[in-house]
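Reviewing the structure listed below.
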Amino acid sequence: MSVFNPMEQITFQRTAHTKSLMRVWLVALGIASSLVAFEAHAAAAAKPVGVSETSFQCMTKMTKVRGFYVDNLLGNKSKTLAVAKSKKGGVYPPGSVVQLVPGEVMVKGQPGSSPATKDWEFFELDVSPEGSKIRRRGYADVVNRFGGNCFACHVQAKPEWDMICEQSHGCQPIPVNHAMFTALQKSDPRCVPANPLTQEDKDALVALQEVMKNLPMPKAESPAPVASN
Ligand code: HEC
């Protein structure tokens, strides 16, 4: 008959406790290390789209789709073009670069990099014959040189257009016509040799200066009201 020994009981309990604790730790460690492995794998699979000042170039060297230009920093230009040309819209692939004017760029990051902006990063550039300087970059808080919040306007595009406005995707229109955009694109100072400007282009640039004087720009806090008519 065993005599009840409280010390032994405590030791036994301790050992059992330590063992189960150890098991918990081992399981936790196992989960942690597989998580690390998984994350490493995910990181390898989805390398961030590295964007620097040298990522940008003379915009007329990119590929024109209707009124705007596209490219892909990860070499997947055919997928970018397929979405840009699709009549039903779609989701642009990571690395996509979209531009309408030399100083404003949208670059698509990896899935999950910025859910609020559908993974688009907005750039405001200073362009000159020397190249591109990034004046501002980021997500929902980037404003252009006129104080207009990129995201506040682009979020108005219907979901199937992945934040791309053009003229018919649901964004409030801006009073800049395509002759003006074409003239701005052709006069990108980074282009060597410079694109020749026609008289129409020159007239459009003069008219644009007048328009820009009175252009209202939405702020981040108050997205532009969507026209009710
Ligand atoms: C006042 C609203 C407004 C603001 C602010 C604005 N955009 Fe836009 N953006 C538009 C509209 C509308 C178009 C389509 C114009 C057209 O095709 O006639 C457009 C076009 C573009 C395009 C070509 C693809 C498309 O969506 O049609 C890019 C790229 C772009 N904008 C980037 C930017 C970036 C980057 C910023 C901020 C630095 C910015 N925009 C700020 C309204 C805005």
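Chain identifiers are assigned as A, B, and so on, following the order in which chains appear in the structure tokens; residues are numbered from 1 within each chain, and ligands are numbered from 1 in order of appearance.
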> Could you name the residues that touch range 48-65 of chain A at 6 Å or less, counting only C-alpha atoms, but leaving out those on the same chain fewer than 6 positions away, as a PyMOL selection string?
Replying inline: chain A and resi 71+95+109+132-133+190-191
Those same residues, written as a JSON list (two decimals), in the first residue's frame with N, CA and C atoms?
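Written output follows (selection_10.json):
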```json
[["chain", "number", "residue", "atom", "x", "y", "z"],
["A", 71, "ASP", "N", 2.33, 50.25, -69.00],
["A", 71, "ASP", "CA", 3.56, 49.48, -69.03],
["A", 71, "ASP", "C", 3.46, 48.48, -67.87],
["A", 95, "GLY", "N", 2.65, 45.33, -60.85],
["A", 95, "GLY", "CA", 3.68, 45.91, -61.72],
["A", 95, "GLY", "C", 3.10, 46.82, -62.79],
["A", 109, "GLY", "N", 0.57, 47.40, -56.98],
["A", 109, "GLY", "CA", 1.43, 46.59, -56.13],
["A", 109, "GLY", "C", 0.96, 45.15, -56.08],
["A", 132, "SER", "N", 12.98, 61.73, -63.69],
["A", 132, "SER", "CA", 11.80, 61.87, -62.81],
["A", 132, "SER", "C", 12.24, 61.98, -61.36],
["A", 133, "LYS", "N", 11.62, 62.89, -60.66],
["A", 133, "LYS", "CA", 11.81, 62.96, -59.19],
["A", 133, "LYS", "C", 10.44, 62.67, -58.57],
["A", 190, "ARG", "N", 10.97, 64.40, -70.64],
["A", 190, "ARG", "CA", 11.92, 63.28, -70.56],
["A", 190, "ARG", "C", 12.14, 62.62, -71.91],
["A", 191, "CYS", "N", 11.31, 62.97, -72.91],
["A", 191, "CYS", "CA", 11.41, 62.28, -74.20],
["A", 191, "CYS", "C", 12.59, 62.80, -75.02]]
```
>> Which residues are near ligand 1 - at most 6 Å, using only C-alpha atoms and all ligand atoms? Format: as JSON, numbers by chain.
In response: {"A": [68, 98, 99, 100, 104, 105, 106, 122, 123, 124, 143, 144, 148, 149, 150, 153, 154, 164, 165, 166, 167, 171, 172, 173, 174, 217]}
Please produce a file of those selected residues containing N, CA and C atoms, as a PDB file, in the first residue's frame.
```pdb
ATOM      1  N   PHE A  68      -4.727  56.786 -72.748  1.00  0.00           N
ATOM      2  CA  PHE A  68      -3.674  56.728 -71.729  1.00  0.00           C
ATOM      3  C   PHE A  68      -2.578  55.726 -72.107  1.00  0.00           C
ATOM      4  N   VAL A  98       0.199  52.940 -65.085  1.00  0.00           N
ATOM      5  CA  VAL A  98      -0.796  53.626 -65.917  1.00  0.00           C
ATOM      6  C   VAL A  98      -0.562  55.124 -65.801  1.00  0.00           C
ATOM      7  N   GLN A  99      -0.575  55.805 -66.935  1.00  0.00           N
ATOM      8  CA  GLN A  99      -0.344  57.257 -66.946  1.00  0.00           C
ATOM      9  C   GLN A  99      -1.226  57.945 -67.963  1.00  0.00           C
ATOM     10  N   LEU A 100      -1.709  59.128 -67.587  1.00  0.00           N
ATOM     11  CA  LEU A 100      -2.446  59.967 -68.530  1.00  0.00           C
ATOM     12  C   LEU A 100      -1.640  61.233 -68.811  1.00  0.00           C
ATOM     13  N   GLU A 104       1.750  62.273 -63.238  1.00  0.00           N
ATOM     14  CA  GLU A 104       0.877  61.491 -62.355  1.00  0.00           C
ATOM     15  C   GLU A 104       0.869  60.039 -62.800  1.00  0.00           C
ATOM     16  N   VAL A 105       1.165  59.144 -61.854  1.00  0.00           N
ATOM     17  CA  VAL A 105       1.277  57.719 -62.216  1.00  0.00           C
ATOM     18  C   VAL A 105       0.552  56.852 -61.189  1.00  0.00           C
ATOM     19  N   MET A 106      -0.059  55.793 -61.671  1.00  0.00           N
ATOM     20  CA  MET A 106      -0.598  54.757 -60.790  1.00  0.00           C
ATOM     21  C   MET A 106       0.202  53.492 -61.053  1.00  0.00           C
ATOM     22  N   PHE A 122      -0.167  55.644 -55.708  1.00  0.00           N
ATOM     23  CA  PHE A 122      -0.259  56.879 -56.496  1.00  0.00           C
ATOM     24  C   PHE A 122       1.059  57.636 -56.403  1.00  0.00           C
ATOM     25  N   PHE A 123       1.488  58.180 -57.531  1.00  0.00           N
ATOM     26  CA  PHE A 123       2.742  58.945 -57.581  1.00  0.00           C
ATOM     27  C   PHE A 123       2.491  60.305 -58.201  1.00  0.00           C
ATOM     28  N   GLU A 124       3.118  61.287 -57.607  1.00  0.00           N
ATOM     29  CA  GLU A 124       3.132  62.625 -58.186  1.00  0.00           C
ATOM     30  C   GLU A 124       4.610  62.903 -58.476  1.00  0.00           C
ATOM     31  N   VAL A 143      -1.828  63.651 -52.761  1.00  0.00           N
ATOM     32  CA  VAL A 143      -2.506  64.712 -53.516  1.00  0.00           C
ATOM     33  C   VAL A 143      -1.621  65.132 -54.686  1.00  0.00           C
ATOM     34  N   ASN A 144      -2.254  65.598 -55.744  1.00  0.00           N
ATOM     35  CA  ASN A 144      -1.482  66.083 -56.882  1.00  0.00           C
ATOM     36  C   ASN A 144      -1.049  67.537 -56.642  1.00  0.00           C
ATOM     37  N   GLY A 148      -5.415  68.128 -55.259  1.00  0.00           N
ATOM     38  CA  GLY A 148      -6.505  67.152 -55.426  1.00  0.00           C
ATOM     39  C   GLY A 148      -6.049  65.766 -54.993  1.00  0.00           C
ATOM     40  N   ASN A 149      -6.886  65.098 -54.222  1.00  0.00           N
ATOM     41  CA  ASN A 149      -6.553  63.770 -53.711  1.00  0.00           C
ATOM     42  C   ASN A 149      -6.837  62.707 -54.797  1.00  0.00           C
ATOM     43  N   CYS A 150      -5.790  62.013 -55.208  1.00  0.00           N
ATOM     44  CA  CYS A 150      -5.896  61.012 -56.298  1.00  0.00           C
ATOM     45  C   CYS A 150      -7.002  59.995 -55.994  1.00  0.00           C
ATOM     46  N   CYS A 153     -10.817  60.863 -56.154  1.00  0.00           N
ATOM     47  CA  CYS A 153     -11.401  60.846 -57.502  1.00  0.00           C
ATOM     48  C   CYS A 153     -11.468  59.427 -58.056  1.00  0.00           C
ATOM     49  N   HIS A 154     -10.362  58.704 -57.956  1.00  0.00           N
ATOM     50  CA  HIS A 154     -10.294  57.401 -58.632  1.00  0.00           C
ATOM     51  C   HIS A 154     -11.180  56.335 -58.002  1.00  0.00           C
ATOM     52  N   ILE A 164      -9.703  52.766 -62.556  1.00  0.00           N
ATOM     53  CA  ILE A 164      -9.345  53.503 -63.770  1.00  0.00           C
ATOM     54  C   ILE A 164     -10.572  54.310 -64.198  1.00  0.00           C
ATOM     55  N   CYS A 165     -10.419  55.635 -64.296  1.00  0.00           N
ATOM     56  CA  CYS A 165     -11.569  56.523 -64.535  1.00  0.00           C
ATOM     57  C   CYS A 165     -12.001  56.621 -65.992  1.00  0.00           C
ATOM     58  N   GLU A 166     -11.081  56.928 -66.886  1.00  0.00           N
ATOM     59  CA  GLU A 166     -11.402  57.351 -68.258  1.00  0.00           C
ATOM     60  C   GLU A 166     -12.619  58.273 -68.214  1.00  0.00           C
ATOM     61  N   GLN A 167     -13.453  58.236 -69.297  1.00  0.00           N
ATOM     62  CA  GLN A 167     -14.581  59.172 -69.254  1.00  0.00           C
ATOM     63  C   GLN A 167     -15.898  58.522 -68.861  1.00  0.00           C
ATOM     64  N   CYS A 171     -16.381  58.083 -62.690  1.00  0.00           N
ATOM     65  CA  CYS A 171     -15.713  59.191 -61.980  1.00  0.00           C
ATOM     66  C   CYS A 171     -16.300  60.514 -62.466  1.00  0.00           C
ATOM     67  N   GLN A 172     -16.295  61.467 -61.567  1.00  0.00           N
ATOM     68  CA  GLN A 172     -16.724  62.796 -61.965  1.00  0.00           C
ATOM     69  C   GLN A 172     -15.753  63.298 -63.040  1.00  0.00           C
ATOM     70  N   PRO A 173     -16.261  63.757 -64.190  1.00  0.00           N
ATOM     71  CA  PRO A 173     -15.333  64.161 -65.250  1.00  0.00           C
ATOM     72  C   PRO A 173     -14.521  65.400 -64.883  1.00  0.00           C
ATOM     73  N   ILE A 174     -13.357  65.546 -65.470  1.00  0.00           N
ATOM     74  CA  ILE A 174     -12.564  66.765 -65.271  1.00  0.00           C
ATOM     75  C   ILE A 174     -12.569  67.536 -66.597  1.00  0.00           C
ATOM     76  N   MET A 217     -10.466  70.970 -56.840  1.00  0.00           N
ATOM     77  CA  MET A 217      -9.875  69.654 -56.537  1.00  0.00           C
ATOM     78  C   MET A 217     -10.424  69.126 -55.216  1.00  0.00           C
TER      79      MET A 217
END
```
> Which residue gives the smallest distance to Pro129 in chain A among A:Pro189, A:Leu205, A:Gly75, A:Met212, with only C-alpha atoms counted?
Replying inline: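 For Pro129 in chain A, the nearest of the candidates is A:Pro189.
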>> Between CA of Pro102 in chain A and CA of Val70 in chain A, what is the distance in Å, rounded to a tenth?
In response: 12.1 Å
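DSSP secondary structure from the backbone places Thr63, Lys64, Val65, Phe68, Tyr69, Val70, Asp71, Asn72, Ser96, Val97, Val98, Gln99, Leu100, Val101, Glu104, Val105, Met106, Val107 and Lys108 of chain A of range 55-119 of chain A in strand (DSSP E).
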>> Neighbouring residues of range 192-197 of chain A were defined as those with any atom within 8 Å, considering only C-alpha atoms; residues of the same chain fewer than 5 positions away were excluded. Please report them as a PyMOL selection string.
In response: chain A and resi 58+183+186-187+202
> CA of Val97 in chain A and CA of Asn72 in chain A are how many Å apart?
Replying inline: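 The value is 5.5 Å.
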> Skipping near chain neighbours, those fewer than 5 positions away, what residues fall within 9 Å of range 113-115 of chain A using only C-alpha atoms, listed as number ranges by chain?
Replying inline: A: 48, 120-121, 139
For the residues in that selection, give me N, CA and C atoms as a PDB file, in the first residue's frame.
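See result15.pdb below for the written result:
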```
ATOM      1  N   PRO A  48       7.755  42.353 -53.610  1.00  0.00           N
ATOM      2  CA  PRO A  48       7.163  43.680 -53.765  1.00  0.00           C
ATOM      3  C   PRO A  48       7.594  44.317 -55.083  1.00  0.00           C
ATOM      4  N   TRP A 120      -3.274  49.847 -55.625  1.00  0.00           N
ATOM      5  CA  TRP A 120      -2.656  50.887 -56.460  1.00  0.00           C
ATOM      6  C   TRP A 120      -1.847  51.818 -55.555  1.00  0.00           C
ATOM      7  N   GLU A 121      -0.662  52.194 -56.021  1.00  0.00           N
ATOM      8  CA  GLU A 121       0.088  53.260 -55.355  1.00  0.00           C
ATOM      9  C   GLU A 121       0.059  54.470 -56.285  1.00  0.00           C
ATOM     10  N   TYR A 139      -0.710  56.037 -50.779  1.00  0.00           N
ATOM     11  CA  TYR A 139      -1.990  55.410 -51.068  1.00  0.00           C
ATOM     12  C   TYR A 139      -3.136  56.431 -50.977  1.00  0.00           C
TER      13      TYR A 139
END
```
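Secondary structure by DSSP on the backbone puts the following residues of range 94-200 of chain A in alpha helix (DSSP H): Cys150, Phe151, Ala152, Cys153, His154, His178, Ala179, Met180, Phe181, Thr182, Ala183, Leu184, Gln185, Lys186, Gln199 and Glu200 of chain A.
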Restricting it to N, CA and C atoms, dump the selection as a JSON list (two decimals), in the first residue's frame.
```json
[["chain", "number", "residue", "atom", "x", "y", "z"],
["A", 150, "CYS", "N", -5.79, 62.01, -55.21],
["A", 150, "CYS", "CA", -5.90, 61.01, -56.30],
["A", 150, "CYS", "C", -7.00, 59.99, -55.99],
["A", 151, "PHE", "N", -6.91, 59.43, -54.79],
["A", 151, "PHE", "CA", -7.81, 58.35, -54.40],
["A", 151, "PHE", "C", -9.27, 58.81, -54.38],
["A", 152, "ALA", "N", -9.50, 60.04, -53.85],
["A", 152, "ALA", "CA", -10.88, 60.54, -53.74],
["A", 152, "ALA", "C", -11.56, 60.57, -55.11],
["A", 153, "CYS", "N", -10.82, 60.86, -56.15],
["A", 153, "CYS", "CA", -11.40, 60.85, -57.50],
["A", 153, "CYS", "C", -11.47, 59.43, -58.06],
["A", 154, "HIS", "N", -10.36, 58.70, -57.96],
["A", 154, "HIS", "CA", -10.29, 57.40, -58.63],
["A", 154, "HIS", "C", -11.18, 56.33, -58.00],
["A", 178, "HIS", "N", -9.27, 65.64, -74.59],
["A", 178, "HIS", "CA", -8.20, 64.76, -75.03],
["A", 178, "HIS", "C", -7.14, 65.44, -75.88],
["A", 179, "ALA", "N", -7.52, 66.55, -76.54],
["A", 179, "ALA", "CA", -6.48, 67.30, -77.28],
["A", 179, "ALA", "C", -5.46, 67.82, -76.26],
["A", 180, "MET", "N", -5.96, 68.25, -75.10],
["A", 180, "MET", "CA", -5.07, 68.77, -74.05],
["A", 180, "MET", "C", -4.19, 67.65, -73.47],
["A", 181, "PHE", "N", -4.81, 66.50, -73.20],
["A", 181, "PHE", "CA", -4.02, 65.39, -72.65],
["A", 181, "PHE", "C", -2.95, 64.95, -73.66],
["A", 182, "THR", "N", -3.33, 64.87, -74.94],
["A", 182, "THR", "CA", -2.36, 64.44, -75.97],
["A", 182, "THR", "C", -1.19, 65.42, -76.01],
["A", 183, "ALA", "N", -1.50, 66.73, -75.95],
["A", 183, "ALA", "CA", -0.44, 67.73, -76.00],
["A", 183, "ALA", "C", 0.49, 67.60, -74.78],
["A", 184, "LEU", "N", -0.11, 67.35, -73.61],
["A", 184, "LEU", "CA", 0.71, 67.16, -72.40],
["A", 184, "LEU", "C", 1.61, 65.94, -72.52],
["A", 185, "GLN", "N", 1.03, 64.87, -73.04],
["A", 185, "GLN", "CA", 1.81, 63.63, -73.20],
["A", 185, "GLN", "C", 2.99, 63.86, -74.14],
["A", 186, "LYS", "N", 2.71, 64.52, -75.28],
["A", 186, "LYS", "CA", 3.78, 64.75, -76.27],
["A", 186, "LYS", "C", 4.84, 65.70, -75.75],
["A", 199, "GLN", "N", 0.46, 72.68, -84.27],
["A", 199, "GLN", "CA", -0.19, 73.92, -83.83],
["A", 199, "GLN", "C", -1.37, 73.58, -82.91],
["A", 200, "GLU", "N", -2.07, 72.50, -83.24],
["A", 200, "GLU", "CA", -3.22, 72.08, -82.41],
["A", 200, "GLU", "C", -2.75, 71.77, -80.97]]
```
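Compared by their closest atoms to Gly131 in chain A, and using only C-alpha atoms, the residues A:Pro216, A:Gly103, A:Glu210, A:Leu81 rank with A:Gly103 nearest.
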